[in-house]
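For reference, target36.txt (compact mmCIF, C-alpha atoms (C1' of nucleotides)):
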```txt
# COMPACT_ATOMS: atom_id res chain seq x y z
CA MET N 161 3.50 22.01 24.80
CA ASP N 162 5.33 25.23 24.13
CA THR N 163 8.43 25.58 22.04
CA ASN N 164 10.66 25.26 25.02
CA ASP N 165 9.15 21.97 26.06
CA SER N 166 9.63 20.74 22.53
CA LEU N 167 13.27 21.68 22.53
CA LEU N 168 13.75 19.89 25.80
CA LEU N 169 11.99 16.77 24.68
CA LEU N 170 13.98 16.62 21.49
CA ALA N 171 17.21 17.15 23.36
CA ARG N 172 16.34 14.45 25.85
CA HIS N 173 16.02 11.99 22.99
CA GLY N 174 19.10 13.15 21.21
CA VAL N 175 17.31 14.66 18.24
CA LYS N 176 18.56 17.92 16.88
CA PRO N 177 15.87 20.53 17.08
CA THR N 178 15.03 21.91 13.69
CA ALA N 179 12.07 23.99 12.65
CA ASN N 180 10.42 21.05 10.93
CA ARG N 181 10.87 18.75 13.84
CA ILE N 182 9.37 21.17 16.27
CA LEU N 183 6.38 21.58 14.00
CA VAL N 184 5.83 17.86 13.69
CA LEU N 185 6.28 17.35 17.41
CA LYS N 186 3.75 20.00 18.25
CA ALA N 187 1.28 18.65 15.75
CA LEU N 188 1.54 15.20 17.26
CA ASP N 189 1.17 16.57 20.73
CA GLU N 190 -1.79 18.75 19.95
CA ALA N 191 -3.66 16.06 18.08
CA ARG N 192 -3.60 14.00 21.26
CA ARG N 193 -4.23 10.91 19.16
CA PRO N 194 -2.09 8.97 16.72
CA LEU N 195 -1.75 10.58 13.32
CA SER N 196 -0.89 9.04 10.01
CA MET N 197 1.73 10.48 7.73
CA THR N 198 -1.01 11.76 5.48
CA GLU N 199 -2.82 13.40 8.35
CA LEU N 200 0.39 15.14 9.30
CA GLU N 201 0.87 16.28 5.75
CA ASP N 202 -2.55 17.89 5.82
CA GLU N 203 -1.87 19.36 9.21
CA ILE N 204 1.47 20.93 8.36
CA GLU N 205 1.24 22.19 4.83
CA THR N 206 4.57 23.91 4.92
CA ILE N 207 6.58 20.72 5.04
CA ASP N 208 7.05 18.42 2.11
CA LYS N 209 5.96 14.85 2.67
CA SER N 210 9.51 13.64 2.37
CA GLY N 211 10.38 15.93 5.22
CA ILE N 212 7.60 14.58 7.35
CA PHE N 213 8.64 11.09 6.43
CA ARG N 214 12.21 11.63 7.49
CA THR N 215 11.21 13.48 10.61
CA LEU N 216 8.98 10.64 11.70
CA LYS N 217 11.72 8.20 10.99
CA ALA N 218 14.10 10.16 13.14
CA PHE N 219 11.50 10.30 15.92
CA VAL N 220 10.87 6.59 15.78
CA ASP N 221 14.57 5.84 15.86
CA ALA N 222 14.90 8.06 18.89
CA HIS N 223 11.96 6.38 20.63
CA LEU N 224 10.14 9.65 20.65
CA VAL N 225 7.06 8.34 18.90
CA HIS N 226 5.41 4.96 18.63
CA VAL N 227 4.25 3.33 15.47
CA ILE N 228 0.84 1.81 15.77
CA GLU N 229 -1.18 -0.06 13.23
CA ASP N 230 -4.80 0.67 13.14
CA GLY N 231 -6.87 -1.14 10.62
CA GLY N 232 -6.34 -1.00 6.93
CA ASP N 233 -5.38 2.53 6.08
CA SER N 234 -1.85 3.15 7.14
CA VAL N 235 0.27 3.20 10.22
CA ARG N 236 -0.06 6.03 12.67
CA TYR N 237 2.42 7.77 14.88
CA GLU N 238 1.84 8.83 18.42
CA LEU N 239 3.91 10.63 20.96
CA CYS N 240 5.56 8.18 23.29
CA HIS N 241 4.67 8.88 26.87
CA SER N 242 7.17 6.48 28.25
CA HIS N 243 9.13 7.66 31.22
CA HIS N 244 12.24 6.05 29.95
CA ASP N 245 13.89 7.70 27.04
CA GLU N 246 15.31 4.51 25.62
CA VAL N 247 12.51 2.01 26.00
CA ASP N 248 8.94 2.13 24.89
CA ASP N 249 7.00 1.01 27.90
CA ASP N 250 3.63 2.57 27.54
CA GLN N 251 1.99 0.11 25.25
CA HIS N 252 -1.73 0.39 25.44
CA ALA N 253 -4.79 -0.54 23.47
CA HIS N 254 -6.13 1.56 20.64
CA PHE N 255 -9.57 2.09 19.32
CA TYR N 256 -10.22 2.65 15.66
CA CYS N 257 -13.48 4.31 14.75
CA GLN N 258 -14.84 2.80 11.59
CA SER N 259 -17.02 5.81 11.05
CA CYS N 260 -14.68 8.80 11.35
CA HIS N 261 -11.50 6.78 10.88
CA LYS N 262 -9.79 8.29 13.86
CA THR N 263 -7.70 6.28 16.24
CA PHE N 264 -7.90 6.77 19.97
CA CYS N 265 -5.65 5.70 22.77
CA LEU N 266 -7.35 3.64 25.42
CA ASP N 267 -4.95 4.29 28.22
CA ASP N 268 -7.27 2.69 30.72
CA THR N 269 -7.81 -0.56 28.91
CA ALA N 270 -5.23 -2.88 30.32
CA LEU N 271 -3.22 -4.68 27.72
CA PRO N 272 -3.73 -8.40 28.15
CA ARG N 273 -0.50 -10.18 28.79
CA PRO N 274 0.44 -12.09 25.66
CA GLN N 275 0.07 -15.82 26.05
CA VAL N 276 1.84 -17.72 23.35
CA PRO N 277 2.34 -21.43 22.82
CA ARG N 278 5.58 -23.05 23.83
CA GLY N 279 8.39 -22.12 21.53
CA PHE N 280 7.09 -18.71 20.60
CA THR N 281 8.74 -15.64 22.02
CA ALA N 282 6.58 -12.56 22.30
CA THR N 283 8.20 -9.16 22.12
CA SER N 284 5.30 -6.81 21.55
CA VAL N 285 1.58 -6.76 21.40
CA ASN N 286 -0.86 -4.94 19.24
CA TYR N 287 -4.32 -4.70 20.66
CA LEU N 288 -6.71 -2.88 18.44
CA ILE N 289 -10.41 -2.59 18.98
CA LYS N 290 -12.58 -1.44 16.12
CA GLY N 291 -15.97 0.02 16.37
CA VAL N 292 -17.67 3.37 16.65
CA CYS N 293 -16.50 6.20 18.83
CA PRO N 294 -18.75 8.28 21.08
CA ASP N 295 -18.81 11.21 18.69
CA CYS N 296 -20.04 9.05 15.86
CA THR N 297 -22.39 6.97 17.97
CA GLY N 298 -24.03 9.42 20.13
CA HIS N 299 -25.14 12.38 18.09
CA ASP N 300 -28.55 12.07 19.64
CA ALA N 301 -28.36 9.09 22.00
CA SER N 302 -25.85 10.41 24.49
CA ARG N 303 -25.61 14.10 24.96
CA ARG N 304 -21.98 15.07 24.87
CA GLY N 305 -20.45 18.11 23.21
CA SER N 306 -21.04 17.57 19.53
CA MET Q 233 -8.89 -30.37 0.91
CA ASP Q 234 -9.57 -32.08 -2.37
CA THR Q 235 -11.29 -30.51 -5.31
CA ASN Q 236 -14.64 -31.79 -4.25
CA ASP Q 237 -14.38 -30.21 -0.82
CA SER Q 238 -13.46 -26.97 -2.49
CA LEU Q 239 -16.47 -27.08 -4.75
CA LEU Q 240 -18.68 -27.73 -1.78
CA LEU Q 241 -17.23 -24.98 0.30
CA LEU Q 242 -17.58 -22.49 -2.52
CA ALA Q 243 -21.13 -23.55 -3.14
CA ARG Q 244 -21.98 -23.23 0.53
CA HIS Q 245 -20.89 -19.62 0.43
CA GLY Q 246 -22.59 -18.87 -2.83
CA VAL Q 247 -19.41 -18.40 -4.83
CA LYS Q 248 -19.30 -19.79 -8.32
CA PRO Q 249 -16.53 -22.32 -8.60
CA THR Q 250 -14.04 -21.34 -11.23
CA ALA Q 251 -10.59 -22.72 -11.87
CA ASN Q 252 -8.94 -19.67 -10.34
CA ARG Q 253 -11.07 -19.72 -7.26
CA ILE Q 254 -10.39 -23.35 -6.60
CA LEU Q 255 -6.67 -22.70 -6.93
CA VAL Q 256 -6.76 -19.79 -4.52
CA LEU Q 257 -8.91 -21.69 -2.07
CA LYS Q 258 -6.57 -24.65 -2.08
CA ALA Q 259 -3.54 -22.45 -1.68
CA LEU Q 260 -5.07 -20.77 1.34
CA ASP Q 261 -6.05 -24.08 2.81
CA GLU Q 262 -2.71 -25.71 2.27
CA ALA Q 263 -0.73 -22.80 3.64
CA ARG Q 264 -2.57 -23.26 6.92
CA ARG Q 265 -1.66 -19.75 7.83
CA PRO Q 266 -2.82 -16.36 6.58
CA LEU Q 267 -1.32 -15.34 3.26
CA SER Q 268 -0.87 -11.92 1.78
CA MET Q 269 -1.88 -11.11 -1.77
CA THR Q 270 1.75 -11.10 -2.75
CA GLU Q 271 2.36 -14.47 -1.16
CA LEU Q 272 -0.55 -15.83 -3.12
CA GLU Q 273 0.82 -14.33 -6.30
CA ASP Q 274 4.07 -16.16 -5.73
CA GLU Q 275 2.25 -19.32 -4.82
CA ILE Q 276 -0.01 -19.39 -7.86
CA GLU Q 277 1.99 -18.13 -10.76
CA THR Q 278 -0.65 -18.94 -13.31
CA ILE Q 279 -3.06 -16.28 -12.10
CA ASP Q 280 -2.61 -12.60 -12.69
CA LYS Q 281 -2.55 -10.47 -9.59
CA SER Q 282 -5.75 -8.78 -10.63
CA GLY Q 283 -7.37 -12.18 -10.68
CA ILE Q 284 -6.11 -12.97 -7.23
CA PHE Q 285 -7.27 -9.59 -6.05
CA ARG Q 286 -10.76 -10.10 -7.36
CA THR Q 287 -10.93 -13.64 -6.12
CA LEU Q 288 -9.98 -12.56 -2.63
CA LYS Q 289 -12.51 -9.81 -2.75
CA ALA Q 290 -15.18 -12.29 -3.72
CA PHE Q 291 -14.12 -14.57 -0.90
CA VAL Q 292 -14.19 -11.82 1.66
CA ASP Q 293 -17.61 -10.68 0.52
CA ALA Q 294 -18.82 -14.24 0.84
CA HIS Q 295 -17.36 -14.58 4.34
CA LEU Q 296 -15.15 -17.35 3.10
CA VAL Q 297 -11.91 -15.74 4.22
CA HIS Q 298 -10.98 -13.31 6.94
CA VAL Q 299 -8.85 -10.27 6.52
CA ILE Q 300 -6.27 -9.90 9.21
CA GLU Q 301 -3.70 -7.22 9.72
CA ASP Q 302 -0.34 -8.34 10.82
CA GLY Q 303 2.29 -5.73 11.33
CA GLY Q 304 3.50 -3.42 8.67
CA ASP Q 305 3.60 -5.33 5.44
CA SER Q 306 0.15 -5.84 4.13
CA VAL Q 307 -3.07 -7.50 5.10
CA ARG Q 308 -3.34 -11.24 4.98
CA TYR Q 309 -6.18 -13.53 4.15
CA GLU Q 310 -7.05 -16.69 5.97
CA LEU Q 311 -9.67 -19.30 5.50
CA CYS Q 312 -12.59 -18.65 7.77
CA HIS Q 313 -13.29 -21.61 9.97
CA SER Q 314 -16.54 -20.27 11.22
CA HIS Q 315 -19.38 -22.71 11.47
CA HIS Q 316 -21.81 -20.14 10.28
CA ASP Q 317 -21.66 -19.25 6.66
CA GLU Q 318 -22.85 -15.71 7.14
CA VAL Q 319 -21.04 -14.54 10.23
CA ASP Q 320 -17.38 -14.51 11.06
CA ASP Q 321 -17.20 -15.89 14.54
CA ASP Q 322 -13.82 -17.46 14.82
CA GLN Q 323 -11.76 -14.45 15.71
CA HIS Q 324 -8.53 -15.45 17.33
CA ALA Q 325 -5.12 -14.06 18.07
CA HIS Q 326 -2.31 -14.03 15.55
CA PHE Q 327 1.39 -14.21 15.93
CA TYR Q 328 3.70 -12.40 13.58
CA CYS Q 329 7.26 -13.65 13.41
CA GLN Q 330 9.60 -10.75 13.01
CA SER Q 331 12.28 -13.04 11.71
CA CYS Q 332 10.63 -15.05 8.95
CA HIS Q 333 7.69 -12.68 8.50
CA LYS Q 334 5.12 -15.39 8.65
CA THR Q 335 1.86 -15.04 10.49
CA PHE Q 336 0.46 -17.83 12.59
CA CYS Q 337 -2.97 -18.42 14.01
CA LEU Q 338 -3.02 -18.88 17.74
CA ASP Q 339 -6.28 -20.74 17.99
CA ASP Q 340 -5.65 -21.54 21.61
CA THR Q 341 -4.97 -18.04 22.79
CA ALA Q 342 -8.29 -16.79 23.98
CA LEU Q 343 -9.18 -13.41 22.64
CA PRO Q 344 -9.67 -11.04 25.55
CA ARG Q 345 -13.09 -9.50 25.55
CA PRO Q 346 -12.75 -5.89 24.47
CA GLN Q 347 -13.26 -3.42 27.26
CA VAL Q 348 -13.91 0.05 26.02
CA PRO Q 349 -14.76 3.25 27.82
CA ARG Q 350 -18.35 4.40 28.02
CA GLY Q 351 -19.58 5.67 24.72
CA PHE Q 352 -17.45 3.48 22.55
CA THR Q 353 -18.99 0.54 20.75
CA ALA Q 354 -16.67 -2.31 19.91
CA THR Q 355 -17.42 -4.45 16.91
CA SER Q 356 -14.21 -6.36 16.36
CA VAL Q 357 -10.86 -6.96 17.88
CA ASN Q 358 -7.44 -7.36 16.47
CA TYR Q 359 -5.01 -9.05 18.76
CA LEU Q 360 -1.59 -9.43 17.27
CA ILE Q 361 1.47 -10.64 19.08
CA LYS Q 362 4.85 -10.06 17.53
CA GLY Q 363 7.99 -11.92 18.28
CA VAL Q 364 9.92 -14.91 17.08
CA CYS Q 365 8.42 -18.21 16.09
CA PRO Q 366 9.74 -21.60 17.17
CA ASP Q 367 11.37 -22.28 13.83
CA CYS Q 368 13.35 -19.08 14.00
CA THR Q 369 14.09 -19.29 17.72
CA GLY Q 370 14.92 -22.83 18.22
CA HIS Q 371 17.38 -23.91 15.60
CA ASP Q 372 19.59 -25.18 18.35
CA ALA Q 373 17.94 -24.29 21.64
CA SER Q 374 14.80 -26.38 21.53
CA ARG Q 375 14.83 -29.53 19.52
CA ARG Q 376 11.66 -29.64 17.50
CA GLY Q 377 11.34 -30.80 13.89
CA SER Q 378 13.50 -28.38 11.96
C1' DA K 213 -25.55 -27.53 -32.34
C1' DT K 214 -25.61 -22.55 -32.40
C1' DT K 215 -26.69 -18.34 -30.27
C1' DT K 216 -26.85 -15.25 -26.56
C1' DG K 217 -25.76 -13.09 -22.16
C1' DG K 218 -23.61 -12.55 -17.74
C1' DG K 219 -19.91 -13.52 -15.09
C1' DT K 220 -14.79 -14.22 -15.16
C1' DT K 221 -10.16 -13.54 -16.75
C1' DG K 222 -5.62 -11.45 -18.35
C1' DC K 223 -3.50 -7.50 -19.71
C1' DA K 224 -2.14 -2.96 -19.38
C1' DA K 225 -2.67 1.24 -17.39
C1' DC K 226 -3.41 3.91 -13.41
C1' DT K 227 -3.36 5.51 -8.36
C1' DC K 228 -1.28 6.72 -4.42
C1' DA K 229 1.40 6.23 -0.14
C1' DG K 230 5.82 5.62 0.83
C1' DT K 231 10.63 6.11 -0.30
C1' DT K 232 15.05 7.74 -2.27
C1' DG K 233 18.73 10.70 -4.93
C1' DC K 234 20.36 14.94 -5.41
C1' DA K 235 21.46 19.63 -5.18
C1' DA K 236 20.41 23.80 -2.47
C1' DA K 237 19.98 25.70 2.03
C1' DA K 238 20.73 25.68 6.82
C1' DT K 239 23.46 24.63 10.81
C1' DG K 240 27.39 24.09 13.62
C1' DC K 241 32.37 24.22 14.46
C1' DT K 242 37.00 26.43 14.07
C1' DA O 271 34.41 33.97 7.22
C1' DG O 272 35.46 29.10 5.71
C1' DC O 273 34.54 24.39 5.83
C1' DA O 274 32.14 19.99 7.05
C1' DT O 275 27.88 18.03 8.27
C1' DT O 276 23.00 17.85 8.48
C1' DT O 277 18.57 18.96 6.91
C1' DT O 278 15.36 20.27 3.42
C1' DG O 279 12.49 20.51 -0.88
C1' DC O 280 11.88 18.84 -5.21
C1' DA O 281 11.24 15.42 -8.41
C1' DA O 282 11.51 10.96 -9.68
C1' DC O 283 10.90 6.21 -8.51
C1' DT O 284 8.71 1.98 -6.34
C1' DG O 285 5.45 -1.41 -5.55
C1' DA O 286 0.98 -2.91 -3.78
C1' DG O 287 -3.43 -2.37 -4.84
C1' DT O 288 -7.04 -1.24 -8.10
C1' DT O 289 -9.68 -0.53 -12.41
C1' DG O 290 -11.18 -0.43 -17.60
C1' DC O 291 -11.55 -3.12 -21.25
C1' DA O 292 -11.72 -6.60 -24.56
C1' DA O 293 -11.45 -11.55 -24.90
C1' DC O 294 -13.03 -15.65 -22.93
C1' DC O 295 -15.87 -19.24 -20.81
C1' DC O 296 -19.88 -21.53 -19.53
C1' DA O 297 -24.79 -22.16 -18.91
C1' DA O 298 -29.37 -21.42 -20.54
C1' DA O 299 -32.33 -20.59 -24.43
C1' DT O 300 -33.36 -21.31 -29.19
```

What does the file become when written as structure tokens?
Amino acid sequence: MDTNDSLLLLARHGVKPTANRILVLKALDEARRPLSMTELEDEIETIDKSGIFRTLKAFVDAHLVHVIEDGGDSVRYELCHSHHDEVDDDQHAHFYCQSCHKTFCLDDTALPRPQVPRGFTATSVNYLIKGVCPDCTGHDASRRGS
Amino acid sequence: MDTNDSLLLLARHGVKPTANRILVLKALDEARRPLSMTELEDEIETIDKSGIFRTLKAFVDAHLVHVIEDGGDSVRYELCHSHHDEVDDDQHAHFYCQSCHKTFCLDDTALPRPQVPRGFTATSVNYLIKGVCPDCTGHDASRRGS
DNA sequence: ATTTGGGTTGCAACTCAGTTGCAAAATGCT
DNA sequence: AGCATTTTGCAACTGAGTTGCAACCCAAAT
């Protein structure tokens, strides 16, 4: 995503494009996996954590990023790939690697339709699988770029 | 669960029965839903939070309680109803009410078997449905014991 | 019954992510 | 340029979770 794409995306969601916001947006895009606030802080050393905090909040409000909860640590933020600008419709499963503590998007794993008992109303689903990712599993078992 | 049951359960899991532990165990049992550390603190005012913390840790180590992550707030602890004393095998879905912020166990909602891409190894699943519970939905719509 | 030792407890202090107030800087509008 | 609004960095605060430590409790040994 180049700067122009960023500007466009921000505009489409009604977020004023500032230097900080473009940086955060690019970081999220380039990571290609959900990042925690702390990970973003490490990634973008030039922005104070309060700035990252407020930027993420603005993004979430504008439906530009999703909040996902992987296990334990903290929540993570990922670029919303929804086609609608107002609704988050690309819910998908996530995989949390207990070894390297990264969180992956499993776009191919269909999200089971929530089945709740009578009386309950479901509005969203969180489907998180924990385990070990290929990189951490396979250092010698399966030969894939280390 | 009376005191005797508590003593037995603790013994079965190799946890020394102390006054605090029996209190925490009973609180968890009586709540019949997963409680957070803070909720337990409120519930059992006679125990310092460090005591509750350490008690919960002991319980988790002994596979006496599960740790579950509902949205946002904090992790919750629920009595493990596994039939084995060493393995946690009663994973089930949970429902988080966004109105009253309680978490319910959906014992009847079958947990979908995790399907992960090649290379990933799944060890556990977290299936959390968010929405509104009957008590918060139905105050006038559906007549069920208020 | 007293001593001894290991586990348990309460307190206070600490950590650390997340959050907020505020004044300075940047931005946009006229 | 002048003014209003927004954004930013800093520093301080918050609150859950965690830990060190000394006091305590209970069981086994004397």

Inset, instruction - Take atom CA of N:Ser210 and atom CA of N:Thr198 and report the distance between them in Å, one decimal. - result: 11.1 Å

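Going from atom CA of N:Thr163 over to atom CA of N:Arg192, you cover 16.7 Å.
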
Inset, instruction - Could you please select, counting only C-alpha atoms (C1' of nucleotides), the residues of chain Q within 10 Å of chain K and state them as number ranges by chain? - result: Q: 248, 250, 252, 279-283, 286-287

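Between atom CA of Q:Tyr359 and atom CA of N:Cys265 there is a distance of 15.3 Å.
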
How close does each residue of stretch 265-335 of chain Q get to stretch 345-348 of chain Q, giving the shortest atom pair and distance in Å to one decimal for every residue with an atom at most 12 Å away, counting only C-alpha atoms, sorted by chain and residue number, as JSON lines?
```
{"residue": "Q:Gln323", "atom": "CA", "partner": "Q:Arg345", "partner_atom": "CA", "distance": 11.1}
{"residue": "Q:His324", "atom": "CA", "partner": "Q:Arg345", "partner_atom": "CA", "distance": 11.1}
{"residue": "Q:Ala325", "atom": "CA", "partner": "Q:Arg345", "partner_atom": "CA", "distance": 11.8}
```

Inset, instruction - Could you list, as a PyMOL selection string, the residues of chain Q having an atom within 6 Å of chain N when counting all atoms listed in the file? - result: chain Q and resi 351-366

Using only C-alpha atoms (C1' of nucleotides), which residues of chain O come within 9 Å of chain N, and what is the closest atom pair for each, with the distance in Å to one decimal? Give it as a Markdown table, sorted by chain and residue number.
```
| residue | atom | partner | partner_atom | distance |
| --- | --- | --- | --- | --- |
| O:DT277 | C1' | N:Thr178 | CA | 8.2 |
| O:DT278 | C1' | N:Gly211 | CA | 6.8 |
| O:DG279 | C1' | N:Asp208 | CA | 6.5 |
| O:DC280 | C1' | N:Asp208 | CA | 8.8 |
```
